[in-house]
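Content type mmCIF, C-alpha atoms, from the file upload_2.cif:
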```
data_query
#
loop_
_atom_site.label_atom_id
_atom_site.label_comp_id
_atom_site.auth_asym_id
_atom_site.auth_seq_id
_atom_site.Cartn_x
_atom_site.Cartn_y
_atom_site.Cartn_z
CA MET A 1 19.31 3.30 15.08
CA LYS A 2 16.99 6.28 15.34
CA VAL A 3 13.83 5.82 13.24
CA ALA A 4 10.93 8.26 12.85
CA VAL A 5 7.32 7.67 11.85
CA LEU A 6 5.97 10.74 10.07
CA SER A 7 2.18 11.16 10.41
CA PHE A 8 -0.36 8.68 11.76
CA ALA A 9 -2.83 9.26 8.91
CA HIS A 10 -2.49 5.81 7.34
CA VAL A 11 -4.12 2.80 8.96
CA HIS A 12 -0.74 1.01 8.96
CA ALA A 13 1.04 3.69 11.01
CA ALA A 14 0.10 2.16 14.37
CA THR A 15 1.28 -1.27 13.23
CA TYR A 16 4.67 0.07 12.20
CA MET A 17 5.03 1.93 15.50
CA GLU A 18 4.22 -1.18 17.53
CA LEU A 19 6.75 -3.24 15.60
CA LEU A 20 9.49 -0.63 15.95
CA ARG A 21 8.68 0.12 19.60
CA ASP A 22 9.30 -3.49 20.56
CA ARG A 23 12.75 -3.70 18.93
CA SER A 24 15.76 -3.22 21.20
CA ASP A 25 17.90 -1.97 18.30
CA ILE A 26 15.59 0.96 17.45
CA GLU A 27 15.09 4.35 19.06
CA LEU A 28 11.65 5.41 17.84
CA ILE A 29 10.37 8.98 17.57
CA THR A 30 7.05 9.98 16.03
CA THR A 31 5.04 13.01 14.99
CA ASP A 32 1.59 13.72 13.62
CA PRO A 33 1.17 17.50 13.36
CA ASP A 34 -1.65 17.24 10.80
CA ALA A 35 -3.90 15.25 13.15
CA PRO A 36 -7.43 16.62 13.53
CA PRO A 37 -7.84 18.21 17.00
CA GLY A 38 -9.29 15.83 19.56
CA ASP A 39 -9.01 12.71 17.37
CA PRO A 40 -8.09 9.84 19.77
CA THR A 41 -6.78 7.74 16.86
CA ARG A 42 -4.20 10.34 15.83
CA GLY A 43 -1.51 12.59 17.25
CA LYS A 44 -0.19 12.53 20.80
CA ALA A 45 -3.23 10.58 22.02
CA LEU A 46 -2.25 7.59 19.88
CA ALA A 47 1.45 7.98 20.70
CA ASP A 48 0.68 7.93 24.42
CA GLU A 49 -1.59 4.90 24.01
CA LEU A 50 1.21 3.02 22.22
CA GLY A 51 3.88 4.28 24.60
CA VAL A 52 6.08 5.88 21.94
CA THR A 53 7.98 9.18 21.93
CA HIS A 54 6.06 11.99 20.22
CA ARG A 55 7.25 15.33 18.89
CA ALA A 56 5.07 18.31 18.00
CA SER A 57 6.35 18.89 14.45
CA TYR A 58 8.24 17.40 11.54
CA GLU A 59 10.96 20.00 12.07
CA GLU A 60 11.54 18.77 15.64
CA VAL A 61 11.88 15.22 14.39
CA PHE A 62 14.36 16.09 11.65
CA ALA A 63 16.38 18.15 14.14
CA GLU A 64 17.07 14.87 15.96
CA ARG A 65 18.68 13.44 12.79
CA PRO A 66 16.86 10.13 12.33
CA GLN A 67 18.74 7.64 10.19
CA ALA A 68 15.52 6.33 8.67
CA VAL A 69 11.90 7.48 8.43
CA ILE A 70 8.57 5.92 7.53
CA VAL A 71 6.10 8.18 5.72
CA THR A 72 2.51 7.27 6.57
CA SER A 73 0.75 10.52 5.75
CA GLU A 74 -2.18 11.11 3.42
CA ASN A 75 -1.17 10.14 -0.13
CA THR A 76 -0.93 13.65 -1.57
CA ARG A 77 1.42 14.70 1.26
CA HIS A 78 4.02 12.01 0.53
CA ARG A 79 6.18 14.18 -1.73
CA GLN A 80 6.69 16.98 0.79
CA LEU A 81 7.74 14.61 3.57
CA VAL A 82 9.96 12.47 1.36
CA GLU A 83 11.78 15.53 0.06
CA GLN A 84 12.26 16.82 3.63
CA ALA A 85 13.58 13.45 4.75
CA ALA A 86 15.94 13.18 1.79
CA ALA A 87 17.31 16.66 2.51
CA ALA A 88 17.93 15.53 6.10
CA GLY A 89 19.88 12.48 4.86
CA ALA A 90 17.38 9.88 6.10
CA HIS A 91 16.52 6.66 4.31
CA ILE A 92 12.80 6.46 3.54
CA LEU A 93 10.06 3.84 3.54
CA CYS A 94 7.00 5.42 1.93
CA GLU A 95 3.50 4.01 2.17
CA LYS A 96 1.85 3.12 -1.11
CA PRO A 97 0.96 4.70 -3.41
CA ILE A 98 4.32 6.39 -3.66
CA ALA A 99 2.46 9.47 -4.92
CA THR A 100 -0.73 10.35 -6.75
CA THR A 101 0.91 11.82 -9.87
CA GLN A 102 3.85 10.75 -11.98
CA HIS A 103 5.34 14.23 -11.60
CA ASP A 104 5.44 13.92 -7.81
CA ALA A 105 6.80 10.36 -7.94
CA ARG A 106 9.66 11.36 -10.24
CA ALA A 107 10.49 14.35 -8.04
CA MET A 108 10.66 12.08 -4.99
CA ILE A 109 12.90 9.58 -6.79
CA ASN A 110 15.20 12.36 -7.99
CA ALA A 111 15.43 13.93 -4.53
CA CYS A 112 16.44 10.63 -2.94
CA GLU A 113 18.95 9.76 -5.66
CA GLN A 114 20.58 13.18 -5.37
CA ALA A 115 20.76 12.84 -1.58
CA GLY A 116 22.12 9.29 -1.79
CA VAL A 117 19.36 7.78 0.37
CA ASN A 118 17.01 4.86 -0.17
CA LEU A 119 13.40 5.37 -1.21
CA MET A 120 11.53 2.12 -0.56
CA THR A 121 7.83 1.62 -1.37
CA ALA A 122 5.72 -0.21 1.22
CA TYR A 123 4.69 -3.41 -0.56
CA PRO A 124 4.82 -6.07 2.19
CA VAL A 125 3.00 -8.86 0.31
CA ARG A 126 6.00 -9.53 -1.93
CA PHE A 127 7.84 -10.72 1.22
CA HIS A 128 5.40 -13.61 1.77
CA PRO A 129 7.30 -16.93 1.58
CA ALA A 130 4.47 -18.48 -0.43
CA PHE A 131 4.82 -15.73 -3.02
CA THR A 132 8.58 -16.34 -3.10
CA ALA A 133 7.81 -20.00 -3.84
CA LEU A 134 5.43 -18.94 -6.61
CA ARG A 135 8.11 -16.74 -8.12
CA HIS A 136 10.67 -19.55 -8.03
CA THR A 137 8.15 -21.97 -9.57
CA LEU A 138 7.61 -19.58 -12.46
CA ALA A 139 11.34 -18.91 -12.88
CA GLU A 140 12.27 -22.60 -13.01
CA GLY A 141 9.71 -23.22 -15.75
CA SER A 142 7.30 -25.54 -13.92
CA LEU A 143 4.32 -23.40 -14.94
CA GLY A 144 5.48 -22.75 -18.47
CA SER A 145 4.77 -19.29 -19.82
CA LEU A 146 2.15 -17.26 -17.99
CA LEU A 147 -1.08 -16.94 -19.94
CA SER A 148 -3.24 -15.01 -17.48
CA VAL A 149 -3.26 -13.74 -13.90
CA HIS A 150 -6.29 -12.86 -11.80
CA GLY A 151 -5.64 -10.78 -8.71
CA VAL A 152 -8.08 -9.84 -5.96
CA ASN A 153 -7.39 -7.31 -3.20
CA ASN A 154 -10.60 -6.52 -1.31
CA SER A 155 -11.23 -4.98 2.10
CA ARG A 156 -13.76 -3.06 4.09
CA PRO A 157 -13.72 0.67 3.24
CA PRO A 158 -10.71 2.28 4.98
CA GLY A 159 -12.70 5.51 5.10
CA LEU A 160 -14.66 4.02 7.98
CA GLU A 161 -11.57 4.55 10.13
CA ARG A 162 -9.78 7.27 8.16
CA PRO A 163 -12.21 9.52 6.19
CA TRP A 164 -9.41 10.96 4.06
CA PHE A 165 -9.24 7.67 2.10
CA ALA A 166 -12.50 8.74 0.44
CA ASP A 167 -11.33 12.31 -0.19
CA PRO A 168 -9.74 12.54 -3.67
CA ALA A 169 -7.88 15.71 -2.68
CA LEU A 170 -5.93 13.72 -0.07
CA ALA A 171 -6.05 10.15 -1.39
CA GLY A 172 -5.86 10.79 -5.13
CA GLY A 173 -8.78 8.44 -5.75
CA GLY A 174 -10.66 5.61 -4.10
CA ALA A 175 -10.46 1.82 -4.28
CA ILE A 176 -8.31 1.87 -7.43
CA MET A 177 -5.61 4.01 -5.81
CA ASP A 178 -5.84 2.02 -2.60
CA HIS A 179 -5.96 -1.59 -3.80
CA THR A 180 -4.64 -1.84 -7.37
CA LEU A 181 -1.07 -1.38 -6.28
CA HIS A 182 -0.38 -4.49 -4.18
CA ILE A 183 -1.42 -6.73 -7.08
CA ALA A 184 0.43 -4.51 -9.56
CA ASP A 185 3.58 -4.94 -7.46
CA LEU A 186 3.27 -8.74 -7.45
CA LEU A 187 2.86 -8.66 -11.23
CA ASP A 188 5.90 -6.39 -11.41
CA VAL A 189 7.93 -9.00 -9.52
CA LEU A 190 6.68 -11.98 -11.56
CA LEU A 191 7.27 -10.16 -14.86
CA ASP A 192 10.66 -8.64 -13.92
CA GLY A 193 9.45 -5.05 -14.14
CA GLU A 194 7.51 -5.36 -17.39
CA GLN A 195 4.62 -2.90 -17.45
CA PRO A 196 1.25 -3.49 -19.09
CA ILE A 197 0.84 -1.66 -22.35
CA GLN A 198 -2.90 -1.09 -21.90
CA VAL A 199 -5.41 -0.83 -19.07
CA TYR A 200 -9.20 -0.91 -19.19
CA ALA A 201 -11.19 -0.15 -16.05
CA VAL A 202 -14.81 -0.21 -14.92
CA ALA A 203 -15.93 1.06 -11.53
CA ASN A 204 -18.87 2.29 -9.49
CA THR A 205 -19.58 4.18 -6.28
CA LEU A 206 -22.40 1.97 -5.01
CA LEU A 207 -20.57 1.03 -1.83
CA THR A 208 -19.32 4.51 -1.00
CA ARG A 209 -22.31 5.72 1.01
CA ASN A 210 -26.07 5.32 1.31
CA ASP A 211 -28.04 7.07 -1.41
CA GLN A 212 -30.24 8.89 1.08
CA ASP A 213 -27.17 10.40 2.72
CA GLU A 214 -25.61 11.68 -0.48
CA ASP A 215 -24.38 15.26 -0.64
CA GLU A 216 -24.28 16.51 -4.22
CA ASN A 217 -21.42 18.85 -3.32
CA GLU A 218 -19.28 16.08 -1.83
CA PRO A 219 -16.90 14.34 -4.26
CA LYS A 220 -17.34 10.60 -4.47
CA VAL A 221 -14.64 8.05 -5.10
CA GLU A 222 -14.98 4.61 -6.61
CA SER A 223 -15.64 1.82 -4.13
CA ALA A 224 -15.63 -1.14 -6.51
CA SER A 225 -13.53 -1.61 -9.63
CA LEU A 226 -12.22 -4.21 -12.05
CA LEU A 227 -9.12 -3.59 -14.18
CA THR A 228 -7.97 -5.53 -17.24
CA LEU A 229 -4.27 -5.27 -18.05
CA THR A 230 -2.79 -6.32 -21.40
CA TYR A 231 0.92 -6.97 -21.90
CA ALA A 232 3.02 -6.85 -25.05
CA HIS A 233 3.59 -10.61 -25.18
CA GLY A 234 -0.11 -11.43 -24.88
CA LEU A 235 -0.54 -11.94 -21.13
CA VAL A 236 -3.85 -10.66 -19.78
CA ALA A 237 -4.23 -9.85 -16.07
CA THR A 238 -7.25 -8.68 -14.09
CA ILE A 239 -7.33 -6.86 -10.76
CA ASP A 240 -10.40 -6.72 -8.52
CA CYS A 241 -9.57 -3.84 -6.19
CA SER A 242 -12.85 -3.22 -4.38
CA TRP A 243 -13.85 -2.03 -0.92
CA SER A 244 -16.41 -4.79 -0.73
CA HIS A 245 -16.13 -6.26 2.78
CA PRO A 246 -18.69 -5.12 5.35
CA ALA A 247 -17.55 -3.64 8.65
CA THR A 248 -18.62 -6.90 10.36
CA HIS A 249 -16.32 -9.07 8.23
CA PRO A 250 -13.95 -11.08 10.48
CA THR A 251 -10.87 -9.78 8.68
CA TRP A 252 -9.83 -6.41 7.31
CA GLY A 253 -9.52 -7.84 3.81
CA GLY A 254 -7.66 -10.35 1.69
CA LEU A 255 -5.35 -10.78 -1.28
CA THR A 256 -5.23 -13.68 -3.73
CA LEU A 257 -3.50 -14.35 -7.02
CA THR A 258 -4.41 -17.03 -9.57
CA CYS A 259 -1.74 -17.69 -12.19
CA VAL A 260 -2.59 -19.73 -15.27
CA GLY A 261 0.43 -21.10 -17.11
CA GLN A 262 0.86 -23.33 -20.13
CA ARG A 263 1.51 -26.35 -17.88
CA ALA A 264 -0.19 -25.64 -14.58
CA LEU A 265 -2.37 -23.36 -12.49
CA VAL A 266 -1.17 -21.91 -9.18
CA GLU A 267 -3.20 -20.08 -6.54
CA PHE A 268 -1.60 -17.78 -3.93
CA ASP A 269 -3.52 -16.61 -0.86
CA ALA A 270 -1.66 -14.07 1.26
CA PHE A 271 -3.95 -14.32 4.29
CA PRO A 272 -5.59 -17.75 4.52
CA PRO A 273 -7.65 -18.39 7.67
CA LEU A 274 -6.01 -21.06 9.80
CA LEU A 275 -8.98 -21.58 12.08
CA ASP A 276 -12.67 -21.28 11.26
CA GLY A 277 -15.48 -21.89 13.69
CA TYR A 278 -18.39 -20.47 15.60
CA ASP A 279 -18.10 -18.56 18.87
CA SER A 280 -21.42 -18.88 20.73
CA THR A 281 -20.49 -16.10 23.17
CA GLN A 282 -20.25 -13.55 20.37
CA ALA A 283 -22.50 -15.16 17.76
CA THR A 284 -19.79 -14.66 15.14
CA THR A 285 -17.42 -16.78 13.15
CA ARG A 286 -13.92 -16.99 14.55
CA TRP A 287 -10.84 -16.36 12.48
CA GLU A 288 -7.23 -16.70 13.59
CA PRO A 289 -4.51 -15.13 11.45
CA GLY A 290 -1.35 -16.95 10.43
CA ALA A 291 2.05 -16.46 12.02
CA ILE A 292 3.64 -14.64 9.07
CA ASP A 293 4.04 -10.92 9.79
CA LEU A 294 4.58 -9.35 6.37
CA ASN A 295 5.00 -5.84 7.78
CA ALA A 296 7.77 -7.06 10.07
CA ALA A 297 9.52 -8.75 7.15
CA MET A 298 9.30 -5.56 5.11
CA LEU A 299 10.64 -3.45 7.99
CA ASP A 300 13.56 -5.86 8.43
CA THR A 301 14.51 -5.37 4.78
CA PHE A 302 14.21 -1.60 5.04
CA LEU A 303 16.21 -1.30 8.27
CA THR A 304 18.95 -3.60 7.00
CA ALA A 305 19.30 -1.48 3.87
CA ALA A 306 19.40 1.70 5.97
CA ARG A 307 22.19 0.27 8.14
CA THR A 308 24.28 -1.16 5.32
CA GLY A 309 23.68 1.36 2.57
CA GLN A 310 22.43 -1.35 0.24
CA ARG A 311 19.65 -0.49 -2.19
CA ALA A 312 16.21 -1.23 -0.76
CA HIS A 313 13.59 -3.04 -2.84
CA PRO A 314 10.88 -2.40 -3.85
CA ASP A 315 12.34 1.00 -4.65
CA GLY A 316 10.85 4.27 -5.87
CA HIS A 317 11.02 3.16 -9.50
CA THR A 318 8.84 0.18 -8.62
CA GLY A 319 6.43 2.58 -6.93
CA LEU A 320 6.29 4.70 -10.10
CA ARG A 321 5.71 1.73 -12.41
CA THR A 322 2.82 0.44 -10.32
CA LEU A 323 1.35 3.94 -9.96
CA ARG A 324 1.19 4.20 -13.76
CA THR A 325 -1.25 1.28 -13.83
CA ALA A 326 -3.61 3.04 -11.41
CA LEU A 327 -3.37 6.35 -13.28
CA ALA A 328 -4.13 4.60 -16.57
CA ALA A 329 -7.19 3.03 -14.91
CA TYR A 330 -8.49 6.47 -13.94
CA GLU A 331 -7.99 7.73 -17.49
CA SER A 332 -9.87 4.68 -18.74
CA LEU A 333 -12.75 5.50 -16.40
CA ARG A 334 -12.79 9.06 -17.74
CA THR A 335 -12.83 8.02 -21.39
CA SER A 336 -14.66 4.65 -21.10
CA GLN A 337 -11.92 3.27 -23.35
CA PRO A 338 -8.78 1.17 -22.96
CA VAL A 339 -5.81 3.44 -22.25
CA LEU A 340 -2.14 3.05 -23.12
CA VAL A 341 0.11 3.06 -20.05
CA ALA A 342 2.44 6.04 -19.91
CA GLY A 343 6.06 5.01 -19.90
CA ALA A 344 5.43 1.37 -20.92
CA ALA A 345 8.04 0.01 -23.31
#
```
Entire entry expressed as structure tokens:
Amino acid sequence: MKVAVLSFAHVHAATYMELLRDRSDIELITTDPDAPPGDPTRGKALADELGVTHRASYEEVFAERPQAVIVTSENTRHRQLVEQAAAAGAHILCEKPIATTQHDARAMINACEQAGVNLMTAYPVRFHPAFTALRHTLAEGSLGSLLSVHGVNNSRPPGLERPWFADPALAGGGAIMDHTLHIADLLDVLLDGEQPIQVYAVANTLLTRNDQDEDENEPKVESASLLTLTYAHGLVATIDCSWSHPATHPTWGGLTLTCVGQRALVEFDAFPPLLDGYDSTQATTRWEPGAIDLNAAMLDTFLTAARTGQRAHPDGHTGLRTLRTALAAYESLRTSQPVLVAGAA
């Protein structure tokens, strides 16, 4: 099956390319026409480093009729590429957030439904077997009704590697847009698509850049934030979605979920360290990741759906529901008040 990766802007693009490159059942083509000139982490330079086929433009890629595409562009460019891919008849896996506005997200969903192609949102954490166990535990009633959920998704600032993450014109926001959505997706799964009715958010920009380097004309995005979500049946959830890890942290970031039920408490850690220690040669702690490759599991689901024509989940509607939580958080920051979630039942 011919699969295309569109843009290398997102930090996950290289990971997807490596996974697809090593599969014997995939013919991979790539393009990154928006890459800054001379950037060794983008464009043909990265394609050559990874040993993958590169084309000069999106039009060249679509002319080769890929059966499936992965959109890993800057957030505000998702709609254009998804609509192009849908018009070309390709199934689509789109990096999160699906879009930065509800209008764009709905347009993308409509374009894919009219073309009869899948629009899948890139939420790999839901494929973790431990999360599947948590979901089954909740469904079978062992926890009782959920009373509260506390989610944490922290990382080092992605703008250190990709400056556009801190540019609201390209990213649509900062830490809230980047890190609210994985937790929001897990809540969406646990609550069978129920949306929060209200969101309250606090945030700051203290970790964005050093005060002495500030440019008054440069827009700043939030680097640390805490959201409180309230649901119709009384559940309260919180999301810590901060860029709070230093560049020297041994891992990119982490994601945890604490679920408090009427009968029990359950803690889920998506990336637990399996080996801790001290490396005297580097004077650093050592961390070894686990064997579960969530991106590979997500790609398997996407590619299977593209081959069979089955509906891929999480779909575009999931992407829209989770986006609404982030957009409500930004409105809450603007008004300093709790905000009703648009579209919530």
* **For Ala4 in chain A: contacts at 8 Å, all atoms listed in the file, fewer than 3 positions along chain excluded, given as a list in words** =>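 My reading of the contact set: Leu28, Ile29, Thr30, Thr31, Val61, Pro66, Ala68, Val69 and Ile70 of chain A.
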* Selected by the PyMOL selection byres ((chain A and resi 72) around 8) in the shown coordinates: which residues, as a PyMOL selection string? -> chain A and resi 5-10+12-13+70-71+73-74+78+94-95
Extending 5 Å beyond the listed atoms of range 21-39 of chain A on each side, what axis-aligned box results? I want centre and edge lengths in Å to one decimal, as JSON.
```
{"center_x": 4.3, "center_y": 7.3, "center_z": 16.0, "size_x": 37.2, "size_y": 31.9, "size_z": 20.4}
```
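Straight-line separation from CA of Pro250 in chain A to CA of His128 in chain A: 21.4 Å.
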Target residues per the PyMOL selection byres ((chain A and resi 221-227) around 6), formatted as an mmCIF file with C-alpha atoms, keeping the file's coordinate frame:
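Writing the result to selection34.cif gives the following:
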```
data_model
loop_
_atom_site.group_PDB
_atom_site.id
_atom_site.type_symbol
_atom_site.label_atom_id
_atom_site.label_comp_id
_atom_site.auth_asym_id
_atom_site.auth_seq_id
_atom_site.Cartn_x
_atom_site.Cartn_y
_atom_site.Cartn_z
ATOM 1 C CA ALA A 166 -12.500 8.740 0.440
ATOM 2 C CA GLY A 173 -8.780 8.440 -5.750
ATOM 3 C CA GLY A 174 -10.660 5.610 -4.100
ATOM 4 C CA ALA A 175 -10.460 1.820 -4.280
ATOM 5 C CA TYR A 200 -9.200 -0.910 -19.190
ATOM 6 C CA ALA A 201 -11.190 -0.150 -16.050
ATOM 7 C CA VAL A 202 -14.810 -0.210 -14.920
ATOM 8 C CA ALA A 203 -15.930 1.060 -11.530
ATOM 9 C CA ASN A 204 -18.870 2.290 -9.490
ATOM 10 C CA THR A 205 -19.580 4.180 -6.280
ATOM 11 C CA LEU A 207 -20.570 1.030 -1.830
ATOM 12 C CA THR A 208 -19.320 4.510 -1.000
ATOM 13 C CA LYS A 220 -17.340 10.600 -4.470
ATOM 14 C CA THR A 228 -7.970 -5.530 -17.240
ATOM 15 C CA THR A 238 -7.250 -8.680 -14.090
ATOM 16 C CA ILE A 239 -7.330 -6.860 -10.760
ATOM 17 C CA ASP A 240 -10.400 -6.720 -8.520
ATOM 18 C CA CYS A 241 -9.570 -3.840 -6.190
ATOM 19 C CA SER A 242 -12.850 -3.220 -4.380
ATOM 20 C CA TRP A 243 -13.850 -2.030 -0.920
#
```
* Asked: When the PyMOL selection byres ((chain A and resi 119) around 8) is applied to the file above, which residues end up in the set, as a PyMOL selection string?
  -> chain A and resi 91-94+109+112+117-118+120-121+312+315-316
* Which residue of A:Val149, A:Ala107, A:Leu191, A:Leu294 approaches Val236 in chain A most closely, using only C-alpha atoms ->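 The closest residue to Val236 in chain A is A:Val149.
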* To do: Would you list the residues near (9.0, 1.6, -7.1), meaning any protein, DNA or RNA residue with an atom at most 12 Å from that point in file coordinates, counting all atoms listed in the file, as a count of residues only?
  => 40
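The neighbours of Glu331 in chain A here are the residues that come within 12 Å of it, using only C-alpha atoms and leaving out any residue fewer than 2 positions away in the same chain; they are Gly173, Ile176, Gln198, Val199, Tyr200, Ala201, Val202, Ala203, Leu227, Arg324, Thr325, Ala326, Leu327, Ala328, Ala329, Leu333, Arg334, Thr335, Ser336, Gln337, Pro338, Val339, Leu340, Val341 and Ala342 of chain A.
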* Rank A:Gly343, A:Gly172, A:Pro157, A:Pro272 by their smallest atom-to-atom distance to Ser244 in chain A, using all atoms listed in the file, and report the top residue only. =>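 The shortest atom-to-atom distance to Ser244 in chain A comes from A:Pro157.
Taking only C-alpha atoms into account, Tyr58 in chain A lies nearest to A:Leu81 out of the set A:Asn75, A:Thr101, A:Pro36, A:Leu81.
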* Using all atoms listed in the file, which residue out of A:Arg307, A:Arg126, A:His179, A:His150 lies closest to Leu257 in chain A? ->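 Answer, going by the shortest atom-to-atom distance: A:His150.
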* **Atom pair CA of Ser155 in chain A / CA of Asp178 in chain A: separation (Å)** =>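 Distance between the two atoms: 10.0 Å.
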* Which value, in Å to one decimal, gives the distance between CA of Thr76 in chain A and CA of Ala169 in chain A? ->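 That distance, rounded to one decimal, is 7.3 Å.
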Can you write range 243-258 of chain A from the block above with N, CA, C and O atoms, as a CSV table (one decimal), in the first residue's frame?
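Result file is selection28.csv:
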```
chain,number,residue,atom,x,y,z
A,243,TRP,N,4.2,22.5,29.8
A,243,TRP,CA,5.5,22.3,29.3
A,243,TRP,C,6.5,22.5,30.4
A,243,TRP,O,7.2,23.5,30.4
A,244,SER,N,6.6,21.6,31.3
A,244,SER,CA,7.3,21.9,32.6
A,244,SER,C,8.6,21.1,32.7
A,244,SER,O,9.3,21.2,33.8
A,245,HIS,N,9.0,20.2,31.8
A,245,HIS,CA,10.2,19.4,31.9
A,245,HIS,C,11.4,20.2,31.3
A,245,HIS,O,11.2,20.7,30.2
A,246,PRO,N,12.5,20.2,32.0
A,246,PRO,CA,13.6,20.9,31.4
A,246,PRO,C,14.2,20.1,30.3
A,246,PRO,O,13.9,18.9,30.1
A,247,ALA,N,15.0,20.8,29.4
A,247,ALA,CA,15.6,20.1,28.3
A,247,ALA,C,16.5,18.9,28.7
A,247,ALA,O,16.7,18.0,27.9
A,248,THR,N,17.0,18.9,29.9
A,248,THR,CA,17.9,17.9,30.4
A,248,THR,C,17.1,16.7,31.0
A,248,THR,O,17.7,15.7,31.5
A,249,HIS,N,15.8,16.8,31.1
A,249,HIS,CA,15.0,15.6,31.6
A,249,HIS,C,15.3,14.4,30.8
A,249,HIS,O,15.4,14.4,29.6
A,250,PRO,N,15.4,13.2,31.5
A,250,PRO,CA,15.7,12.0,30.7
A,250,PRO,C,14.7,11.5,29.7
A,250,PRO,O,15.0,10.7,28.9
A,251,THR,N,13.4,12.0,29.8
A,251,THR,CA,12.4,11.6,28.9
A,251,THR,C,11.8,12.9,28.3
A,251,THR,O,11.8,14.0,28.9
A,252,TRP,N,11.1,12.7,27.1
A,252,TRP,CA,10.4,13.8,26.5
A,252,TRP,C,9.4,14.4,27.4
A,252,TRP,O,9.2,15.6,27.6
A,253,GLY,N,8.6,13.5,28.0
A,253,GLY,CA,7.5,13.9,28.9
A,253,GLY,C,6.8,12.6,29.5
A,253,GLY,O,7.4,11.6,29.5
A,254,GLY,N,5.6,12.8,29.9
A,254,GLY,CA,4.9,11.7,30.5
A,254,GLY,C,3.4,12.0,30.5
A,254,GLY,O,2.9,13.1,30.3
A,255,LEU,N,2.6,10.9,30.8
A,255,LEU,CA,1.2,11.0,30.9
A,255,LEU,C,0.6,10.0,31.9
A,255,LEU,O,0.9,8.8,31.8
A,256,THR,N,-0.1,10.6,32.8
A,256,THR,CA,-0.7,9.7,33.9
A,256,THR,C,-2.2,10.1,34.1
A,256,THR,O,-2.6,11.2,33.7
A,257,LEU,N,-2.9,9.2,34.6
A,257,LEU,CA,-4.3,9.3,34.8
A,257,LEU,C,-4.7,8.7,36.2
A,257,LEU,O,-4.4,7.5,36.4
A,258,THR,N,-5.3,9.4,37.1
A,258,THR,CA,-5.7,8.9,38.4
A,258,THR,C,-7.3,9.0,38.4
A,258,THR,O,-7.9,10.0,38.3
```
